[in-house]
$ cat target04.cif   # mmCIF, C-alpha atoms
data_entry
loop_
_atom_site.label_atom_id
_atom_site.label_comp_id
_atom_site.auth_asym_id
_atom_site.auth_seq_id
_atom_site.Cartn_x
_atom_site.Cartn_y
_atom_site.Cartn_z
CA MET A 3 322.24 -88.49 221.04
CA ILE A 4 321.95 -85.03 222.61
CA ASN A 5 325.31 -83.25 222.67
CA ILE A 6 325.70 -80.80 225.54
CA GLY A 7 328.03 -77.83 225.82
CA ILE A 8 328.81 -76.12 229.14
CA LEU A 9 329.27 -72.37 229.38
CA GLY A 10 331.71 -71.85 232.21
CA ALA A 11 334.04 -74.28 233.96
CA ALA A 12 331.74 -74.08 236.95
CA ASN A 13 331.87 -75.93 240.25
CA ILE A 14 328.16 -76.72 239.99
CA ALA A 15 328.40 -78.42 236.59
CA PRO A 16 329.76 -81.86 237.65
CA LYS A 17 326.77 -82.64 239.88
CA ALA A 18 324.29 -80.59 237.84
CA ILE A 19 324.94 -81.95 234.36
CA ILE A 20 328.19 -83.90 233.89
CA HIS A 21 327.55 -86.82 236.24
CA PRO A 22 323.84 -87.16 235.35
CA ALA A 23 324.77 -87.23 231.66
CA GLN A 24 327.43 -89.88 232.27
CA ASP A 25 324.73 -92.17 233.67
CA ARG A 26 322.73 -92.01 230.43
CA ASP A 27 323.18 -93.29 226.89
CA ASP A 28 321.03 -90.67 225.16
CA CYS A 29 323.13 -87.57 225.92
CA GLN A 30 326.72 -86.56 226.56
CA VAL A 31 328.73 -83.49 227.53
CA LEU A 32 330.77 -82.84 224.41
CA ALA A 33 332.46 -79.50 225.13
CA VAL A 34 333.16 -76.87 227.77
CA ALA A 35 334.09 -73.23 227.28
CA SER A 36 335.67 -70.70 229.62
CA ARG A 37 337.62 -67.52 228.96
CA ASP A 38 340.88 -69.31 229.85
CA LEU A 39 341.90 -72.17 227.53
CA GLU A 40 344.23 -73.70 230.11
CA LYS A 41 341.38 -73.76 232.62
CA SER A 42 339.01 -75.27 230.04
CA GLU A 43 341.52 -77.96 229.12
CA ALA A 44 342.15 -78.91 232.74
CA TYR A 45 338.41 -79.02 233.41
CA ALA A 46 337.76 -81.12 230.30
CA LYS A 47 340.50 -83.57 231.24
CA GLU A 48 339.24 -83.90 234.81
CA HIS A 49 335.68 -84.62 233.68
CA SER A 50 336.36 -86.62 230.49
CA ILE A 51 334.95 -83.96 228.16
CA SER A 52 336.10 -84.22 224.55
CA GLU A 53 336.52 -80.56 223.65
CA ALA A 54 337.82 -77.51 225.53
CA LEU A 55 337.26 -74.00 224.19
CA ASP A 56 338.26 -70.51 225.30
CA ASP A 57 335.44 -68.70 223.53
CA TYR A 58 331.77 -68.70 224.54
CA ASP A 59 330.63 -67.83 221.02
CA ALA A 60 332.54 -70.80 219.62
CA LEU A 61 330.62 -73.13 221.92
CA ILE A 62 327.29 -71.53 221.03
CA SER A 63 327.98 -71.86 217.30
CA HIS A 64 329.45 -75.36 217.58
CA PRO A 65 327.72 -77.43 214.86
CA LYS A 66 327.52 -80.59 216.98
CA ILE A 67 326.10 -79.00 220.13
CA ASP A 68 322.35 -79.43 220.68
CA MET A 69 321.94 -78.01 224.18
CA ILE A 70 323.80 -75.38 226.16
CA TYR A 71 324.04 -75.51 229.94
CA ASN A 72 324.57 -71.91 231.03
CA ALA A 73 326.44 -72.24 234.33
CA LEU A 74 327.87 -68.72 234.29
CA PRO A 75 327.01 -66.02 236.86
CA PRO A 76 323.59 -64.37 236.36
CA ASN A 77 325.05 -61.32 234.61
CA ARG A 78 325.85 -63.55 231.60
CA HIS A 79 322.58 -65.45 231.52
CA ALA A 80 320.61 -63.15 229.26
CA ASP A 81 323.08 -62.33 226.50
CA LEU A 82 324.53 -65.81 226.07
CA THR A 83 321.22 -67.63 226.48
CA ILE A 84 319.65 -65.41 223.84
CA ALA A 85 322.63 -65.98 221.53
CA ALA A 86 322.32 -69.76 221.99
CA LEU A 87 318.59 -69.71 221.30
CA GLU A 88 319.15 -67.61 218.18
CA ALA A 89 321.67 -70.25 217.08
CA GLY A 90 318.92 -72.87 217.38
CA LYS A 91 320.24 -74.47 220.57
CA SER A 92 318.19 -75.48 223.58
CA VAL A 93 319.33 -73.95 226.87
CA LEU A 94 319.27 -75.15 230.46
CA CYS A 95 319.93 -71.88 232.29
CA GLU A 96 321.01 -71.81 235.90
CA LYS A 97 318.96 -69.94 238.48
CA PRO A 98 318.43 -67.14 239.07
CA PHE A 99 317.17 -66.94 235.51
CA ALA A 100 318.35 -63.39 234.85
CA MET A 101 319.50 -60.21 236.52
CA ASN A 102 316.03 -58.64 236.36
CA LEU A 103 312.58 -58.82 234.78
CA THR A 104 313.59 -56.98 231.61
CA GLU A 105 316.27 -59.56 230.86
CA ALA A 106 313.93 -62.44 231.67
CA LYS A 107 311.34 -61.17 229.23
CA ALA A 108 313.97 -60.83 226.49
CA MET A 109 315.17 -64.40 227.08
CA VAL A 110 311.65 -65.83 226.89
CA ALA A 111 310.91 -63.80 223.77
CA ALA A 112 314.02 -65.26 222.13
CA ALA A 113 312.88 -68.78 223.04
CA GLU A 114 309.48 -68.18 221.48
CA THR A 115 311.08 -67.55 218.08
CA SER A 116 313.75 -70.23 218.38
CA ASP A 117 313.81 -73.89 217.42
CA GLY A 118 315.34 -74.57 220.83
CA HIS A 119 313.83 -74.92 224.29
CA LEU A 120 314.57 -72.76 227.33
CA ILE A 121 314.44 -74.36 230.78
CA GLU A 122 315.38 -72.78 234.11
CA ALA A 123 317.52 -75.07 236.27
CA PHE A 124 315.31 -75.21 239.36
CA HIS A 125 316.49 -78.79 239.88
CA TYR A 126 314.47 -79.32 243.08
CA ARG A 127 311.24 -78.99 241.05
CA PHE A 128 311.74 -82.34 239.37
CA HIS A 129 312.27 -84.54 242.44
CA PRO A 130 309.40 -86.90 243.45
CA ALA A 131 309.47 -85.75 247.08
CA VAL A 132 308.65 -82.21 245.97
CA THR A 133 306.04 -83.46 243.51
CA GLU A 134 304.35 -85.43 246.28
CA PHE A 135 304.51 -82.47 248.67
CA LEU A 136 302.70 -80.34 246.10
CA THR A 137 300.20 -83.08 245.31
CA LEU A 138 299.08 -83.64 248.90
CA ILE A 139 298.59 -79.90 249.36
CA HIS A 140 296.71 -79.44 246.10
CA HIS A 141 294.53 -82.47 246.86
CA GLY A 142 293.41 -80.82 250.08
CA GLU A 143 295.02 -83.04 252.70
CA ILE A 144 295.62 -80.01 254.93
CA GLY A 145 292.53 -78.16 253.73
CA ASP A 146 292.56 -74.71 252.23
CA VAL A 147 296.02 -73.15 252.41
CA ARG A 148 296.23 -70.16 254.75
CA SER A 149 299.95 -69.46 255.01
CA MET A 150 303.40 -70.52 253.83
CA ASN A 151 306.77 -70.08 255.48
CA GLY A 152 309.97 -70.92 253.63
CA ARG A 153 313.55 -70.60 254.82
CA PHE A 154 316.85 -71.24 253.07
CA ASN A 155 319.78 -70.38 255.32
CA VAL A 156 323.28 -71.63 254.62
CA THR A 157 326.74 -70.17 255.19
CA ILE A 158 328.51 -68.84 252.09
CA ALA A 159 331.94 -67.44 252.94
CA ASP A 160 332.50 -63.83 251.90
CA LYS A 161 335.86 -64.45 250.29
CA SER A 162 337.62 -62.81 247.38
CA GLY A 163 335.97 -63.60 244.05
CA GLU A 164 332.83 -65.18 245.57
CA LEU A 165 330.15 -64.24 243.03
CA ARG A 166 327.33 -64.36 245.58
CA TYR A 167 328.87 -61.26 247.18
CA ILE A 168 329.41 -59.33 243.94
CA LYS A 169 326.41 -57.22 242.98
CA GLU A 170 327.50 -56.69 239.37
CA LEU A 171 327.54 -60.46 238.80
CA GLY A 172 324.07 -60.96 240.24
CA GLY A 173 325.02 -61.79 243.81
CA GLY A 174 322.80 -61.71 246.87
CA ALA A 175 321.00 -64.11 249.17
CA LEU A 176 317.66 -63.60 247.43
CA MET A 177 319.15 -64.27 244.01
CA ASP A 178 321.02 -67.41 245.10
CA LEU A 179 318.90 -68.86 247.91
CA GLY A 180 315.59 -67.07 248.26
CA CYS A 181 314.66 -67.69 244.64
CA TYR A 182 314.00 -71.35 245.57
CA THR A 183 311.63 -70.38 248.36
CA LEU A 184 309.82 -67.90 246.15
CA HIS A 185 309.46 -70.44 243.35
CA LEU A 186 308.07 -73.11 245.67
CA SER A 187 305.67 -70.57 247.20
CA ARG A 188 304.27 -69.88 243.75
CA LEU A 189 303.90 -73.60 243.07
CA VAL A 190 302.16 -74.28 246.37
CA SER A 191 299.70 -71.39 246.12
CA MET A 192 299.29 -71.53 242.33
CA LYS A 193 298.96 -67.75 242.59
CA GLU A 194 301.17 -64.73 241.99
CA PRO A 195 302.16 -62.61 245.00
CA GLU A 196 301.98 -59.01 246.02
CA VAL A 197 305.06 -58.09 248.03
CA THR A 198 303.92 -56.30 251.19
CA SER A 199 307.30 -55.76 252.86
CA ALA A 200 310.96 -56.74 252.61
CA THR A 201 314.02 -56.19 254.76
CA ALA A 202 317.61 -56.80 253.72
CA ILE A 203 320.81 -57.09 255.73
CA LEU A 204 323.64 -55.89 253.51
CA SER A 205 327.15 -57.24 253.21
CA GLU A 206 330.17 -54.95 252.99
CA SER A 207 330.00 -55.26 249.21
CA GLY A 208 326.40 -54.04 249.15
CA VAL A 209 324.54 -57.24 248.33
CA ASP A 210 321.81 -58.69 250.51
CA ALA A 211 323.55 -61.14 252.82
CA ALA A 212 320.12 -61.88 254.27
CA MET A 213 316.60 -61.06 253.15
CA LYS A 214 313.14 -61.43 254.61
CA ALA A 215 309.99 -60.74 252.63
CA GLU A 216 306.26 -60.83 253.37
CA MET A 217 303.92 -61.57 250.49
CA ASN A 218 300.20 -61.94 249.85
CA PHE A 219 299.23 -64.67 247.41
CA ASP A 220 295.58 -63.66 246.90
CA GLY A 221 294.72 -64.14 250.56
CA ILE A 222 297.48 -66.63 251.39
CA LYS A 223 300.23 -65.16 253.55
CA GLY A 224 303.74 -66.05 252.44
CA THR A 225 306.97 -65.46 254.32
CA LEU A 226 310.38 -65.87 252.71
CA ALA A 227 313.67 -65.79 254.59
CA CYS A 228 317.19 -66.46 253.36
CA ASP A 229 320.56 -65.87 254.96
CA MET A 230 324.08 -66.61 253.73
CA ARG A 231 326.10 -64.86 256.44
CA GLY A 232 329.05 -66.61 258.04
CA GLU A 233 327.33 -67.28 261.36
CA THR A 234 324.23 -68.80 259.74
CA ASP A 235 322.98 -72.22 260.82
CA ARG A 236 321.92 -74.42 257.93
CA GLU A 237 318.12 -74.51 257.60
CA ILE A 238 316.21 -75.46 254.46
CA VAL A 239 312.57 -75.95 255.37
CA PHE A 240 309.17 -75.07 253.90
CA THR A 241 305.95 -75.20 255.94
CA VAL A 242 302.41 -74.86 254.64
CA THR A 243 299.50 -74.31 257.02
CA GLY A 244 295.94 -75.06 255.98
CA ASP A 245 292.63 -74.91 257.81
CA LYS A 246 292.83 -78.66 258.45
CA GLY A 247 296.52 -79.19 259.16
CA THR A 248 300.15 -78.50 258.37
CA ALA A 249 302.66 -79.96 255.91
CA THR A 250 306.42 -79.44 256.25
CA LEU A 251 309.15 -80.44 253.83
CA ASP A 252 312.59 -80.32 255.40
CA GLN A 253 315.49 -80.23 252.91
CA TYR A 254 313.23 -79.14 250.04
CA VAL A 255 316.06 -77.85 247.84
CA HIS A 256 318.07 -81.10 247.99
CA PRO A 257 315.49 -83.72 249.04
CA TYR A 258 317.74 -86.57 247.94
CA ARG A 259 319.86 -85.71 250.99
CA GLN A 260 317.72 -87.19 253.76
CA PHE A 261 314.49 -85.20 253.43
CA THR A 262 311.59 -85.36 255.89
CA LEU A 263 307.99 -84.71 254.85
CA THR A 264 305.65 -84.34 257.82
CA VAL A 265 301.87 -84.02 257.61
CA GLU A 266 299.94 -83.07 260.75
CA THR A 267 296.12 -83.21 260.79
CA GLU A 268 293.38 -84.16 263.23
CA SER A 269 293.97 -87.76 262.16
CA GLY A 270 297.50 -87.64 263.52
CA VAL A 271 301.03 -87.16 262.27
CA ARG A 272 302.47 -88.91 259.22
CA THR A 273 306.15 -88.75 258.33
CA PHE A 274 307.86 -89.72 255.09
CA THR A 275 311.60 -89.89 254.43
CA GLU A 276 313.94 -91.11 251.71
CA LYS A 277 313.97 -94.51 253.44
CA ASP A 278 310.42 -95.16 252.22
CA ASP A 279 311.80 -95.69 248.71
CA GLU A 280 315.57 -95.20 248.76
CA LYS A 281 316.21 -95.99 245.10
CA ARG A 282 313.68 -93.39 243.99
CA TYR A 283 314.21 -90.71 246.61
CA THR A 284 318.02 -90.75 246.84
CA ARG A 285 318.40 -90.26 243.09
CA SER A 286 319.57 -86.69 242.71
CA THR A 287 317.42 -83.73 241.78
CA TYR A 288 319.86 -83.07 238.95
CA ALA A 289 319.32 -86.53 237.47
CA TYR A 290 315.56 -85.94 237.50
CA GLN A 291 316.15 -82.54 235.96
CA LEU A 292 318.09 -84.06 233.08
CA ASP A 293 315.27 -86.60 232.61
CA HIS A 294 312.96 -83.65 232.08
CA VAL A 295 315.32 -81.81 229.75
CA VAL A 296 315.65 -84.88 227.52
CA LYS A 297 311.87 -85.37 227.44
CA VAL A 298 311.31 -81.73 226.51
CA MET A 299 313.91 -81.85 223.76
CA SER A 300 312.44 -85.06 222.36
CA GLY A 301 308.92 -83.60 222.32
CA LYS A 302 307.60 -85.85 225.09
CA ALA A 303 306.98 -83.10 227.66
CA SER A 304 306.47 -79.37 228.01
CA ALA A 305 308.97 -77.45 230.09
CA LEU A 306 307.91 -77.02 233.73
CA THR A 307 310.29 -74.10 234.27
CA GLY A 308 311.33 -71.19 232.08
CA GLY A 309 308.86 -69.21 229.99
CA ALA A 310 306.09 -67.42 231.88
CA ASP A 311 307.12 -69.23 235.07
CA ALA A 312 310.59 -67.67 234.97
CA ILE A 313 309.17 -64.23 234.17
CA GLN A 314 306.83 -64.32 237.15
CA THR A 315 309.59 -65.42 239.54
CA MET A 316 311.87 -62.66 238.29
CA ARG A 317 309.08 -60.11 238.51
CA THR A 318 308.69 -60.86 242.22
CA ILE A 319 312.45 -60.87 242.87
CA ASP A 320 312.54 -57.34 241.45
CA ALA A 321 309.57 -56.37 243.62
CA ILE A 322 311.25 -57.73 246.76
CA TYR A 323 314.40 -55.74 246.03
CA ASP A 324 312.27 -52.64 245.45
CA ALA A 325 310.43 -53.17 248.75
CA ALA A 326 313.78 -53.57 250.53
CA GLY A 327 314.91 -50.21 249.12
CA MET A 328 317.65 -51.74 246.98
CA GLY A 329 316.19 -51.67 243.50
CA PRO A 330 316.46 -54.56 240.99
CA ARG A 331 319.80 -55.97 239.91
#
$ encode --input "target04.cif" --output "structure tokens"
Amino acid sequence: MINIGILGAANIAPKAIIHPAQDRDDCQVLAVASRDLEKSEAYAKEHSISEALDDYDALISHPKIDMIYNALPPNRHADLTIAALEAGKSVLCEKPFAMNLTEAKAMVAAAETSDGHLIEAFHYRFHPAVTEFLTLIHHGEIGDVRSMNGRFNVTIADKSGELRYIKELGGGALMDLGCYTLHLSRLVSMKEPEVTSATAILSESGVDAAMKAEMNFDGIKGTLACDMRGETDREIVFTVTGDKGTATLDQYVHPYRQFTLTVETESGVRTFTEKDDEKRYTRSTYAYQLDHVVKVMSGKASALTGGADAIQTMRTIDAIYDAAGMGPR
């Protein structure tokens, strides 16, 4: 049995780790920690978690905990993830992995000397729709890839305490939304990019409320756009153009929510949706992510995220912020 501890009484945790764990018999969420014991206790009661703590270090040093889910804002990813790894725990760390490249490198270095595993929670990566999207591209169904265009636009209200609008906590559209597009671009191209330009639209608090970046993946043009402003229409789509056709995955971040995969070539247009295999495709990305975490911890798989992958993503995030004239977080 893998015992899981959650750092932070976070809104994301129920769908990201609590509910997927409740559907399994090989792991369980044993404890949650926040800085407010009353909040921890209420959260634990609501989600049927056995233990509530008001100290992050107590959770990290808990003798029964095997894996830490770090659901805190990005500014607490590096220090607490490193502490957990040094305590011999495995860590599933929310994206964005760190505040900057320096922190990412330190986290990976700690994992390399730890008995635990470090996985970045890019949940979309583990869903079969995304796997099949990558497979058809890598198998040449649209020919040699020439360009990629990814967008992740969704309204996030700029209200008091909203971490995505607080620079010191690691806020910003690129950190919260664009990181998905960047990560998928790297997976599609299987190359690392050079950032050629970037433009940010700043919020009143000084974070990027929207970001657009142009990249060159060794001859493959990549465009990234993300926008979290109040007037933004929801759009989560990734298009890859090859010399023999085009492939588009609509709803690539949450494909279990009615995705559409369209392939256009000289042979015609093929479309795939979750209705082609509802049991498989409507299972959540987070459930598939936990499958992977369990396999990694049991020695049956190598981590697909984290490690060098996380370092390279963070390196490019820093480069985009530099190109936009903002500097890294």
$ residues_around --input "target04.cif" --residues "Ala200 in chain A" --least-positions-apart "5" --cutoff "6 Å" --atoms "only C-alpha atoms" --output "VMD selection string"
chain A and resid 214 to 215 322 325 to 326
$ resolve_selection --input "target04.cif" --expression "the PyMOL selection byres ((chain A and resi 152-160) around 6)" --output "PyMOL selection string"
chain A and resi 151+161+183+226-232+234+236-240
$ resolve_selection --input "target04.cif" --expression "the PyMOL selection byres ((chain A and resi 297-309) around 6)" --output "list in words"
Val110, Leu120, Ile121, Glu122, His294, Val295, Val296, Ala310, Asp311 and Ala312 of chain A
$ closest_atom_pairs --input "target04.cif" --of "range 170-271 of chain A" --to "range 71-85 of chain A" --cutoff "10 Å" --atoms "only C-alpha atoms" --output "tab-separated table"
residue	atom	partner	partner_atom	distance
A:Glu170	CA	A:Asn77	CA	7.1
A:Leu171	CA	A:Asn77	CA	4.9
A:Gly172	CA	A:Pro76	CA	5.2
A:Gly173	CA	A:Pro76	CA	8.0
A:Met177	CA	A:Pro76	CA	8.8
A:Asp178	CA	A:Pro76	CA	9.6
$ residues_around --input "target04.cif" --residues "Tyr290 in chain A" --least-positions-apart "6" --cutoff "10 Å" --atoms "only C-alpha atoms" --output "ChimeraX atom specification"
/A:22,125-130
$ resolve_selection --input "target04.cif" --expression "the PyMOL selection byres ((chain A and resi 6) around 10)" --output "PyMOL selection string"
chain A and resi 3-5+7-9+19-20+23+29-34+61+66-71+91-94
$ atom_distance --input "target04.cif" --atom1 "CA of Glu276 in chain A" --atom2 "CA of Ser191 in chain A"
25.0 Å
